[in-house]
>>> print(open('my_file21.cif').read())   # mmCIF, C-alpha atoms
data_coords
loop_
_atom_site.label_atom_id
_atom_site.label_comp_id
_atom_site.auth_asym_id
_atom_site.auth_seq_id
_atom_site.Cartn_x
_atom_site.Cartn_y
_atom_site.Cartn_z
CA MET A 1 16.04 -7.54 0.07
CA GLU A 2 18.39 -5.36 -1.93
CA ALA A 3 15.67 -3.93 -4.14
CA ALA A 4 13.77 -2.67 -1.14
CA GLY A 5 16.68 -0.49 -0.12
CA THR A 6 16.55 -1.41 3.53
CA ARG A 7 17.49 -4.13 5.98
CA VAL A 8 14.57 -3.38 8.28
CA GLY A 9 10.81 -3.55 7.74
CA VAL A 10 7.69 -3.14 9.84
CA PHE A 11 4.97 -5.71 10.49
CA LEU A 12 1.36 -4.60 10.80
CA GLY A 13 -0.73 -7.42 12.19
CA GLY A 14 -4.15 -7.99 13.59
CA THR A 15 -3.71 -5.45 16.38
CA PHE A 16 -4.02 -2.38 14.18
CA ALA A 17 -7.01 -3.95 12.44
CA GLN A 18 -8.93 -4.08 15.69
CA GLU A 19 -8.28 -0.51 16.87
CA PRO A 20 -11.31 0.90 18.72
CA GLY A 21 -13.12 3.57 16.74
CA MET A 22 -11.48 2.76 13.40
CA THR A 23 -13.89 3.42 10.56
CA ASN A 24 -12.03 1.86 7.62
CA LEU A 25 -9.34 -0.82 7.76
CA VAL A 26 -7.73 -0.01 4.42
CA ASP A 27 -7.60 3.72 5.11
CA ARG A 28 -5.92 3.04 8.46
CA ALA A 29 -3.38 0.69 6.91
CA VAL A 30 -2.51 3.34 4.34
CA GLU A 31 -2.12 5.97 7.08
CA LEU A 32 0.31 3.72 8.95
CA ALA A 33 2.22 2.99 5.75
CA HIS A 34 2.63 6.73 5.21
CA GLU A 35 4.05 6.98 8.75
CA VAL A 36 6.43 4.11 8.08
CA ALA A 37 7.64 5.63 4.83
CA ASP A 38 8.05 9.08 6.39
CA ALA A 39 10.33 7.45 8.99
CA GLY A 40 12.55 6.13 6.20
CA VAL A 41 11.41 2.49 6.35
CA ARG A 42 10.72 0.93 2.98
CA THR A 43 9.08 -2.44 3.71
CA VAL A 44 5.70 -3.19 5.30
CA TRP A 45 4.44 -6.69 6.07
CA PHE A 46 0.84 -7.74 6.72
CA GLY A 47 -0.35 -10.75 8.68
CA GLN A 48 -3.24 -12.99 7.70
CA ALA A 49 -5.97 -13.83 10.18
CA ALA A 50 -9.71 -14.38 9.86
CA ASP A 51 -10.60 -10.77 9.03
CA TYR A 52 -8.93 -9.00 6.09
CA ASP A 53 -7.16 -10.56 3.12
CA ALA A 54 -3.41 -9.95 3.43
CA PRO A 55 -2.32 -10.05 -0.25
CA GLN A 56 -5.15 -7.73 -1.20
CA LEU A 57 -4.43 -5.31 1.64
CA ALA A 58 -0.72 -5.29 0.81
CA ALA A 59 -1.51 -4.44 -2.81
CA LEU A 60 -3.87 -1.63 -1.88
CA VAL A 61 -1.39 -0.13 0.58
CA SER A 62 1.58 -0.20 -1.77
CA ARG A 63 -0.56 1.24 -4.54
CA ALA A 64 -1.45 4.16 -2.27
CA GLU A 65 2.07 4.52 -0.80
CA PRO A 66 4.53 3.77 -3.62
CA ARG A 67 7.56 4.35 -1.41
CA VAL A 68 7.08 0.99 0.31
CA TYR A 69 7.59 -2.61 -0.68
CA VAL A 70 5.04 -4.96 0.82
CA GLY A 71 4.68 -8.60 1.76
CA THR A 72 2.56 -11.09 3.65
CA SER A 73 3.79 -12.57 6.91
CA VAL A 74 2.22 -14.97 6.52
CA VAL A 75 -0.65 -16.55 4.60
CA PRO A 76 -1.36 -20.11 5.81
CA ILE A 77 -1.27 -22.50 2.86
CA TYR A 78 -4.04 -24.54 4.48
CA PRO A 79 -6.72 -24.51 3.14
CA ARG A 80 -6.09 -21.94 0.35
CA HIS A 81 -5.44 -23.71 -2.96
CA PRO A 82 -2.24 -22.79 -4.87
CA LEU A 83 -4.30 -21.60 -7.85
CA LEU A 84 -6.14 -19.11 -5.66
CA LEU A 85 -3.08 -17.90 -3.76
CA ALA A 86 -1.02 -17.56 -6.94
CA ALA A 87 -3.77 -15.48 -8.54
CA ALA A 88 -3.87 -13.17 -5.51
CA ALA A 89 -0.08 -12.85 -5.41
CA LYS A 90 0.25 -12.08 -9.12
CA THR A 91 -2.49 -9.49 -8.89
CA ALA A 92 -0.66 -7.89 -5.96
CA GLN A 93 2.60 -7.93 -7.90
CA ALA A 94 0.98 -6.17 -10.84
CA ALA A 95 -0.73 -3.64 -8.56
CA THR A 96 2.52 -2.77 -6.78
CA ALA A 97 4.72 -2.65 -9.89
CA GLY A 98 6.86 -5.51 -8.62
CA ARG A 99 7.08 -4.56 -4.94
CA PHE A 100 5.35 -7.62 -3.47
CA ARG A 101 6.68 -10.69 -1.66
CA LEU A 102 4.54 -13.66 -0.73
CA GLY A 103 5.15 -15.09 2.73
CA VAL A 104 3.43 -18.40 3.40
CA GLY A 105 3.34 -20.82 6.29
CA LEU A 106 1.88 -24.08 7.47
CA GLY A 107 -0.17 -22.37 10.16
CA ALA A 108 -1.17 -23.83 13.50
CA ARG A 109 -3.15 -27.05 13.19
CA THR A 110 -4.91 -26.48 16.52
CA VAL A 111 -6.32 -23.20 15.21
CA LEU A 112 -6.91 -23.84 11.53
CA GLN A 113 -8.43 -27.32 11.55
CA PRO A 114 -11.31 -26.41 13.90
CA GLN A 115 -11.76 -23.07 12.15
CA PHE A 116 -12.21 -24.48 8.66
CA GLY A 117 -13.52 -27.93 9.54
CA LEU A 118 -11.24 -29.65 7.03
CA ALA A 119 -8.72 -32.42 7.61
CA TYR A 120 -5.20 -31.08 8.10
CA PRO A 121 -2.73 -32.75 5.68
CA PRO A 122 0.71 -34.16 6.58
CA GLN A 123 2.61 -30.93 7.12
CA ILE A 124 6.01 -31.29 5.45
CA GLN A 125 4.71 -33.35 2.55
CA HIS A 126 1.97 -30.81 1.95
CA LEU A 127 4.45 -27.91 2.17
CA ARG A 128 6.71 -29.49 -0.44
CA GLU A 129 3.84 -30.30 -2.77
CA TYR A 130 2.31 -26.86 -2.29
CA LEU A 131 5.53 -25.03 -3.12
CA THR A 132 6.11 -27.29 -6.12
CA ALA A 133 2.65 -26.52 -7.47
CA LEU A 134 2.80 -22.83 -6.57
CA ARG A 135 6.01 -21.82 -8.34
CA PRO A 136 4.91 -22.47 -11.93
CA LEU A 137 1.57 -20.81 -11.25
CA LEU A 138 3.34 -17.68 -9.99
CA ASP A 139 5.37 -17.72 -13.19
CA GLY A 140 2.24 -17.91 -15.36
CA ASP A 141 3.00 -21.51 -16.28
CA ASN A 142 -0.07 -23.72 -16.81
CA THR A 143 1.69 -27.00 -15.98
CA ALA A 144 -0.51 -29.35 -13.97
CA PHE A 145 0.68 -30.87 -10.70
CA GLU A 146 -0.49 -34.16 -9.19
CA GLY A 147 0.49 -34.87 -5.61
CA GLU A 148 -0.81 -36.90 -2.71
CA THR A 149 -2.05 -33.92 -0.67
CA LEU A 150 -3.16 -31.66 -3.54
CA ALA A 151 -3.66 -31.43 -7.27
CA SER A 152 -3.41 -28.34 -9.46
CA ARG A 153 -4.93 -28.49 -12.93
CA PRO A 154 -5.16 -25.00 -14.45
CA VAL A 155 -7.86 -24.44 -17.04
CA GLY A 156 -6.82 -21.59 -19.30
CA SER A 157 -3.97 -19.15 -18.94
CA THR A 158 -2.52 -18.33 -15.50
CA ALA A 159 -0.42 -15.41 -16.75
CA VAL A 160 -1.13 -11.94 -15.31
CA ALA A 161 0.08 -8.94 -17.30
CA GLY A 162 2.32 -6.73 -15.21
CA ALA A 163 3.08 -9.38 -12.59
CA SER A 164 6.82 -9.05 -12.87
CA PRO A 165 9.39 -9.79 -11.73
CA ALA A 166 8.47 -13.25 -10.55
CA VAL A 167 6.89 -13.16 -7.09
CA PRO A 168 9.41 -14.22 -4.42
CA VAL A 169 8.09 -16.82 -1.97
CA LEU A 170 9.26 -16.91 1.64
CA VAL A 171 8.25 -19.67 4.05
CA ALA A 172 7.67 -19.30 7.77
CA ALA A 173 9.99 -22.21 8.54
CA MET A 174 11.97 -22.94 11.70
CA GLY A 175 12.22 -26.74 11.92
CA PRO A 176 14.91 -28.53 9.88
CA ARG A 177 12.55 -30.25 7.43
CA ALA A 178 10.55 -27.12 6.73
CA LEU A 179 13.76 -25.11 6.34
CA ALA A 180 15.12 -27.68 3.90
CA ALA A 181 11.93 -27.40 1.83
CA ALA A 182 12.14 -23.60 1.90
CA GLY A 183 15.77 -23.65 0.81
CA GLU A 184 15.09 -26.01 -2.08
CA LEU A 185 11.76 -24.66 -3.29
CA ALA A 186 11.40 -21.02 -2.20
CA GLU A 187 13.38 -17.79 -2.00
CA GLY A 188 13.82 -17.77 1.76
CA THR A 189 12.23 -17.87 5.17
CA ILE A 190 10.43 -15.60 7.65
CA PRO A 191 11.19 -16.97 11.13
CA PHE A 192 9.32 -15.37 14.00
CA LEU A 193 10.38 -15.57 17.68
CA ALA A 194 13.60 -17.31 16.72
CA GLY A 195 16.32 -15.42 18.59
CA PRO A 196 19.85 -14.64 17.40
CA TYR A 197 21.37 -17.87 18.76
CA THR A 198 18.68 -20.00 17.10
CA LEU A 199 19.13 -18.11 13.84
CA ALA A 200 22.89 -18.49 13.78
CA GLU A 201 23.06 -22.10 14.93
CA GLN A 202 19.99 -23.71 13.39
CA ILE A 203 18.05 -21.65 10.89
CA VAL A 204 20.65 -19.90 8.76
CA PRO A 205 22.93 -22.93 8.25
CA VAL A 206 20.13 -25.34 7.36
CA ILE A 207 18.31 -23.18 4.82
CA THR A 208 21.55 -21.87 3.30
CA GLU A 209 22.90 -25.39 2.82
CA ALA A 210 19.61 -26.58 1.32
CA ALA A 211 19.53 -23.68 -1.14
CA ALA A 212 23.13 -24.25 -2.18
CA ALA A 213 22.56 -27.99 -2.67
CA ALA A 214 19.59 -27.19 -4.93
CA GLY A 215 21.65 -24.70 -6.93
CA ARG A 216 19.58 -21.76 -5.74
CA PRO A 217 20.76 -18.28 -4.70
CA ALA A 218 21.46 -17.49 -1.06
CA PRO A 219 18.10 -17.32 0.71
CA GLN A 220 16.39 -14.25 2.10
CA ILE A 221 16.08 -14.59 5.89
CA VAL A 222 13.60 -12.09 7.31
CA ALA A 223 13.60 -12.32 11.11
CA GLY A 224 10.45 -11.16 12.86
CA VAL A 225 11.36 -9.44 16.13
CA PRO A 226 9.06 -7.75 18.67
CA ALA A 227 10.70 -4.42 19.49
CA VAL A 228 9.78 -0.92 20.63
CA VAL A 229 11.64 2.23 21.60
CA THR A 230 9.96 3.43 24.78
CA ASP A 231 10.58 5.14 28.10
CA ASP A 232 8.65 2.42 29.95
CA ALA A 233 10.07 -0.99 29.06
CA ALA A 234 8.21 -2.76 31.86
CA ALA A 235 4.82 -1.53 30.64
CA ALA A 236 5.77 -2.45 27.09
CA ARG A 237 6.57 -6.00 28.18
CA ASP A 238 3.20 -6.32 29.90
CA ARG A 239 1.41 -5.18 26.76
CA VAL A 240 3.39 -7.43 24.43
CA SER A 241 3.04 -10.41 26.80
CA ALA A 242 -0.71 -10.33 26.32
CA ALA A 243 -0.33 -10.24 22.54
CA LEU A 244 2.32 -12.98 22.38
CA GLY A 245 0.77 -15.37 24.88
CA PHE A 246 -0.91 -17.27 22.04
CA TYR A 247 2.48 -18.43 20.72
CA ASP A 248 3.44 -20.00 24.04
CA SER A 249 0.78 -22.63 23.40
CA ILE A 250 2.12 -23.71 19.98
CA PRO A 251 4.76 -26.49 20.06
CA SER A 252 6.89 -25.15 17.19
CA TYR A 253 7.20 -21.75 18.85
CA ARG A 254 7.80 -23.23 22.30
CA LYS A 255 10.68 -25.20 20.80
CA VAL A 256 12.50 -22.22 19.26
CA ILE A 257 11.93 -20.12 22.37
CA ALA A 258 13.44 -22.88 24.50
CA THR A 259 16.35 -23.23 22.08
CA GLU A 260 17.13 -19.58 22.74
CA GLY A 261 17.22 -20.39 26.47
CA LEU A 262 14.07 -18.39 27.22
CA SER A 263 10.83 -19.22 29.00
CA ASN A 264 8.17 -17.50 26.91
CA ALA A 265 7.65 -15.45 23.78
CA ALA A 266 7.62 -12.11 25.57
CA ASP A 267 11.23 -12.70 26.66
CA LEU A 268 12.24 -11.92 23.08
CA LEU A 269 10.88 -8.38 23.23
CA ILE A 270 13.53 -5.69 22.76
CA ALA A 271 12.37 -2.60 24.63
CA GLY A 272 14.16 0.49 25.86
CA ASP A 273 15.86 3.53 24.42
CA GLU A 274 17.20 3.89 20.90
CA ASP A 275 20.61 2.44 21.71
CA ILE A 276 19.16 -0.65 23.38
CA VAL A 277 16.75 -1.43 20.57
CA ALA A 278 19.24 -0.75 17.77
CA ALA A 279 21.81 -3.01 19.44
CA GLY A 280 19.23 -5.74 19.94
CA LEU A 281 18.12 -5.67 16.32
CA ARG A 282 21.70 -5.63 15.11
CA ARG A 283 22.26 -8.97 16.85
CA TYR A 284 19.80 -10.56 14.43
CA LEU A 285 21.61 -9.15 11.41
CA ASP A 286 24.92 -10.32 12.84
CA ALA A 287 23.39 -13.78 13.31
CA GLY A 288 22.70 -14.05 9.58
CA ALA A 289 19.32 -12.45 9.02
CA THR A 290 19.28 -10.57 5.74
CA GLU A 291 16.46 -8.39 7.08
CA VAL A 292 14.70 -7.67 10.34
CA MET A 293 10.94 -7.21 10.52
CA ILE A 294 9.95 -5.20 13.59
CA THR A 295 6.68 -6.49 15.01
CA HIS A 296 4.09 -5.27 17.50
CA THR A 297 4.82 -1.55 17.22
CA ASP A 298 1.12 -1.16 16.42
CA LEU A 299 0.46 -1.89 20.09
CA PHE A 300 1.94 1.48 21.01
CA ASP A 301 1.16 5.16 20.51
CA ALA A 302 2.38 7.27 17.62
CA GLU A 303 5.38 8.65 19.52
CA ASP A 304 6.78 5.23 20.42
CA ARG A 305 6.05 3.90 16.93
CA GLN A 306 7.88 6.74 15.24
CA ARG A 307 10.84 6.51 17.60
CA THR A 308 11.07 2.79 16.84
CA TRP A 309 10.82 3.16 13.10
CA ALA A 310 13.35 6.00 13.08
CA ILE A 311 16.12 3.78 14.45
CA THR A 312 16.06 1.74 11.26
CA GLN A 313 18.31 4.42 9.76
CA ARG A 314 21.08 3.18 12.07
CA LEU A 315 20.90 -0.29 10.62
#
>>> encode(input="my_file21.cif", output="structure tokens")
Amino acid sequence: MEAAGTRVGVFLGGTFAQEPGMTNLVDRAVELAHEVADAGVRTVWFGQAADYDAPQLAALVSRAEPRVYVGTSVVPIYPRHPLLLAAAAKTAQAATAGRFRLGVGLGARTVLQPQFGLAYPPQIQHLREYLTALRPLLDGDNTAFEGETLASRPVGSTAVAGASPAVPVLVAAMGPRALAAAGELAEGTIPFLAGPYTLAEQIVPVITEAAAAAGRPAPQIVAGVPAVVTDDAAAARDRVSAALGFYDSIPSYRKVIATEGLSNAADLLIAGDEDIVAAGLRRYLDAGATEVMITHTDLFDAEDRQRTWAITQRL
């Protein structure tokens, strides 16, 4: 994102939120954002799980650390209604003076349906209807939407003073139909665990063509990549393997990992010295990513984190 002044950002997910001995989640997130900004990185992304609220946390962090742009990677659209998510996103945009991006995704049916106890809608149809309903709400437009998987009927104004520019929406899309929807109806995509080959051959062409056909600007493509600068790459792989094992059980992730010619999610980890990690991240930019989002650095100590974040200056 040109406005963010960087091609590399940092993801802070559920790992940091569960640190032993932490006394306040928001305070810790702000501390890490200060570290990120001190290293010269200008974008921080927050995941959404069952604990904290990602748009709210992103807003609080960017308010406290104005050097960083923030985003969510990602908020599942099921079962949060577009009216509720749009309100949260516009509030975050106002709080950050325009430094917020909203990343959304379908989420994993096997996790979300049992968790919420609600029927999971047809995925691609719901994604298209959700994005169609969401955009006018983000723009402060009160137009109603009637679909088969959802309805949006605003009562009263949806405009939020200070929520400008319009909140960009990025979709965690990797399959062709989801990518087509993202290209037509959103500002880009946030693929995770899609390697450079998969990006270049499948993701970038599909979403770029869909955006062009819809008369939209070239999409933002923010590639999530597990990476760490460390003197012990083997130990880093063991640690990341435990954190990424969840994704090996999800069909959509298994598919993109296999497309890359790899066996499991941990195979995508880039670990080693500064030259190794910088070269590995550069492959994603060369493959067509407009940005790289470094993930899982919160698994490591302050020295490894800072070494990792410092290499962003090379990119």
>>> atom_distance(input="my_file21.cif", atom1="CA of Val171 in chain A", atom2="CA of Leu131 in chain A")
9.4 Å
>>> resolve_selection(input="my_file21.cif", expression="the PyMOL selection byres ((chain A and resi 67) around 10)", output="CSV table (one decimal) with C-alpha atoms, in the frame of the given file")
chain,number,residue,atom,x,y,z
A,4,ALA,CA,13.8,-2.7,-1.1
A,33,ALA,CA,2.2,3.0,5.8
A,34,HIS,CA,2.6,6.7,5.2
A,36,VAL,CA,6.4,4.1,8.1
A,37,ALA,CA,7.6,5.6,4.8
A,38,ASP,CA,8.0,9.1,6.4
A,40,GLY,CA,12.6,6.1,6.2
A,41,VAL,CA,11.4,2.5,6.4
A,42,ARG,CA,10.7,0.9,3.0
A,43,THR,CA,9.1,-2.4,3.7
A,62,SER,CA,1.6,-0.2,-1.8
A,63,ARG,CA,-0.6,1.2,-4.5
A,64,ALA,CA,-1.4,4.2,-2.3
A,65,GLU,CA,2.1,4.5,-0.8
A,66,PRO,CA,4.5,3.8,-3.6
A,68,VAL,CA,7.1,1.0,0.3
A,69,TYR,CA,7.6,-2.6,-0.7
A,70,VAL,CA,5.0,-5.0,0.8
A,99,ARG,CA,7.1,-4.6,-4.9
>>> atom_distance(input="my_file21.cif", atom1="CA of Leu57 in chain A", atom2="CA of Val10 in chain A")
14.8 Å
>>> resolve_selection(input="my_file21.cif", expression="the PyMOL selection byres ((chain A and resi 28) around 12)", output="NGL selection string")
:A and (12 or 15-27 or 29-35 or 57 or 60-61 or 64 or 298)
>>> closest_residue(input="my_file21.cif", among="A:Ala235, A:Val206, A:Ala166, A:Val155", to="Leu179 in chain A", atoms="all atoms listed in the file")
A:Val206
>>> residues_around(input="my_file21.cif", residues="Thr72 in chain A", least_positions_apart="4", cutoff="7 Å", atoms="only C-alpha atoms", output="number ranges by chain")
A: 45-47, 54-55, 101-103
>>> write_last_selection(input="my_file21.cif", atoms="C-alpha atoms", output="mmCIF file, in the frame of the given file")
data_model
loop_
_atom_site.group_PDB
_atom_site.id
_atom_site.type_symbol
_atom_site.label_atom_id
_atom_site.label_comp_id
_atom_site.auth_asym_id
_atom_site.auth_seq_id
_atom_site.Cartn_x
_atom_site.Cartn_y
_atom_site.Cartn_z
ATOM 1 C CA TRP A 45 4.440 -6.690 6.070
ATOM 2 C CA PHE A 46 0.840 -7.740 6.720
ATOM 3 C CA GLY A 47 -0.350 -10.750 8.680
ATOM 4 C CA ALA A 54 -3.410 -9.950 3.430
ATOM 5 C CA PRO A 55 -2.320 -10.050 -0.250
ATOM 6 C CA ARG A 101 6.680 -10.690 -1.660
ATOM 7 C CA LEU A 102 4.540 -13.660 -0.730
ATOM 8 C CA GLY A 103 5.150 -15.090 2.730
#
>>> resolve_selection(input="my_file21.cif", expression="the PyMOL selection byres ((chain A and resi 137) around 12)", output="PyMOL selection string")
chain A and resi 81-90+130-136+138-145+152-160+163+166-167
>>> atom_distance(input="my_file21.cif", atom1="CA of Leu127 in chain A", atom2="CA of Leu106 in chain A")
7.0 Å
>>> closest_residue(input="my_file21.cif", among="A:Gln220, A:Ser252, A:Thr230, A:Gln113", to="Ile270 in chain A", atoms="only C-alpha atoms")
A:Thr230
>>> decode(input="my_file21.cif", residues="range 16-96 of chain A", atoms="C-alpha atoms", output="CSV table (one decimal), in the first residue's frame")
chain,number,residue,atom,x,y,z
A,16,PHE,CA,1.2,-12.7,21.6
A,17,ALA,CA,-2.2,-12.5,23.1
A,18,GLN,CA,-1.6,-15.6,25.1
A,19,GLU,CA,1.9,-14.8,26.5
A,20,PRO,CA,2.4,-16.1,30.0
A,21,GLY,CA,2.4,-13.4,32.7
A,22,MET,CA,0.9,-10.7,30.4
A,23,THR,CA,-1.2,-8.3,32.5
A,24,ASN,CA,-3.0,-6.3,29.7
A,25,LEU,CA,-3.5,-7.3,26.1
A,26,VAL,CA,-3.9,-3.8,24.7
A,27,ASP,CA,-0.8,-2.5,26.5
A,28,ARG,CA,1.2,-5.4,25.2
A,29,ALA,CA,0.0,-4.9,21.6
A,30,VAL,CA,1.0,-1.2,21.9
A,31,GLU,CA,4.5,-2.2,23.2
A,32,LEU,CA,5.0,-4.5,20.2
A,33,ALA,CA,3.7,-1.8,17.8
A,34,HIS,CA,6.3,0.6,19.2
A,35,GLU,CA,9.0,-2.1,18.6
A,36,VAL,CA,7.8,-2.6,15.0
A,37,ALA,CA,7.8,1.1,14.3
A,38,ASP,CA,11.2,1.6,15.9
A,39,ALA,CA,12.5,-1.0,13.4
A,40,GLY,CA,11.2,1.0,10.5
A,41,VAL,CA,8.1,-1.1,9.7
A,42,ARG,CA,5.0,0.9,9.1
A,43,THR,CA,2.1,-1.7,9.0
A,44,VAL,CA,0.8,-4.0,11.7
A,45,TRP,CA,-1.9,-6.6,11.1
A,46,PHE,CA,-4.1,-8.2,13.8
A,47,GLY,CA,-5.8,-11.6,13.6
A,48,GLN,CA,-9.3,-12.4,14.9
A,49,ALA,CA,-9.9,-15.3,17.1
A,50,ALA,CA,-12.3,-15.9,20.0
A,51,ASP,CA,-10.6,-13.6,22.5
A,52,TYR,CA,-10.0,-9.9,21.5
A,53,ASP,CA,-11.8,-7.9,18.9
A,54,ALA,CA,-9.4,-7.2,16.0
A,55,PRO,CA,-10.8,-4.0,14.5
A,56,GLN,CA,-11.0,-2.5,18.0
A,57,LEU,CA,-7.5,-3.6,18.9
A,58,ALA,CA,-6.1,-2.2,15.6
A,59,ALA,CA,-7.7,1.1,16.3
A,60,LEU,CA,-6.4,1.4,19.8
A,61,VAL,CA,-2.9,0.4,18.7
A,62,SER,CA,-2.7,2.9,15.8
A,63,ARG,CA,-4.1,5.6,18.0
A,64,ALA,CA,-1.3,5.0,20.5
A,65,GLU,CA,1.4,4.5,17.9
A,66,PRO,CA,0.6,6.9,15.0
A,67,ARG,CA,3.6,5.8,13.0
A,68,VAL,CA,1.9,2.6,11.9
A,69,TYR,CA,-0.9,1.7,9.6
A,70,VAL,CA,-3.1,-1.2,10.8
A,71,GLY,CA,-5.4,-3.8,9.5
A,72,THR,CA,-7.2,-7.0,10.3
A,73,SER,CA,-6.0,-10.3,8.9
A,74,VAL,CA,-8.7,-11.4,9.0
A,75,VAL,CA,-12.2,-11.1,10.5
A,76,PRO,CA,-14.4,-14.0,9.5
A,77,ILE,CA,-17.6,-12.7,7.9
A,78,TYR,CA,-19.5,-15.5,9.5
A,79,PRO,CA,-21.5,-14.8,11.6
A,80,ARG,CA,-20.8,-11.0,12.0
A,81,HIS,CA,-23.4,-9.0,10.2
A,82,PRO,CA,-22.2,-6.4,7.6
A,83,LEU,CA,-23.9,-3.6,9.6
A,84,LEU,CA,-21.8,-4.5,12.7
A,85,LEU,CA,-18.5,-5.0,10.9
A,86,ALA,CA,-18.9,-1.8,8.9
A,87,ALA,CA,-19.6,0.1,12.1
A,88,ALA,CA,-16.4,-1.3,13.7
A,89,ALA,CA,-14.3,-0.6,10.6
A,90,LYS,CA,-15.5,3.0,10.2
A,91,THR,CA,-14.9,3.6,13.9
A,92,ALA,CA,-11.4,2.2,13.5
A,93,GLN,CA,-10.8,4.4,10.4
A,94,ALA,CA,-11.8,7.5,12.3
A,95,ALA,CA,-9.7,6.6,15.3
A,96,THR,CA,-6.6,6.0,13.1
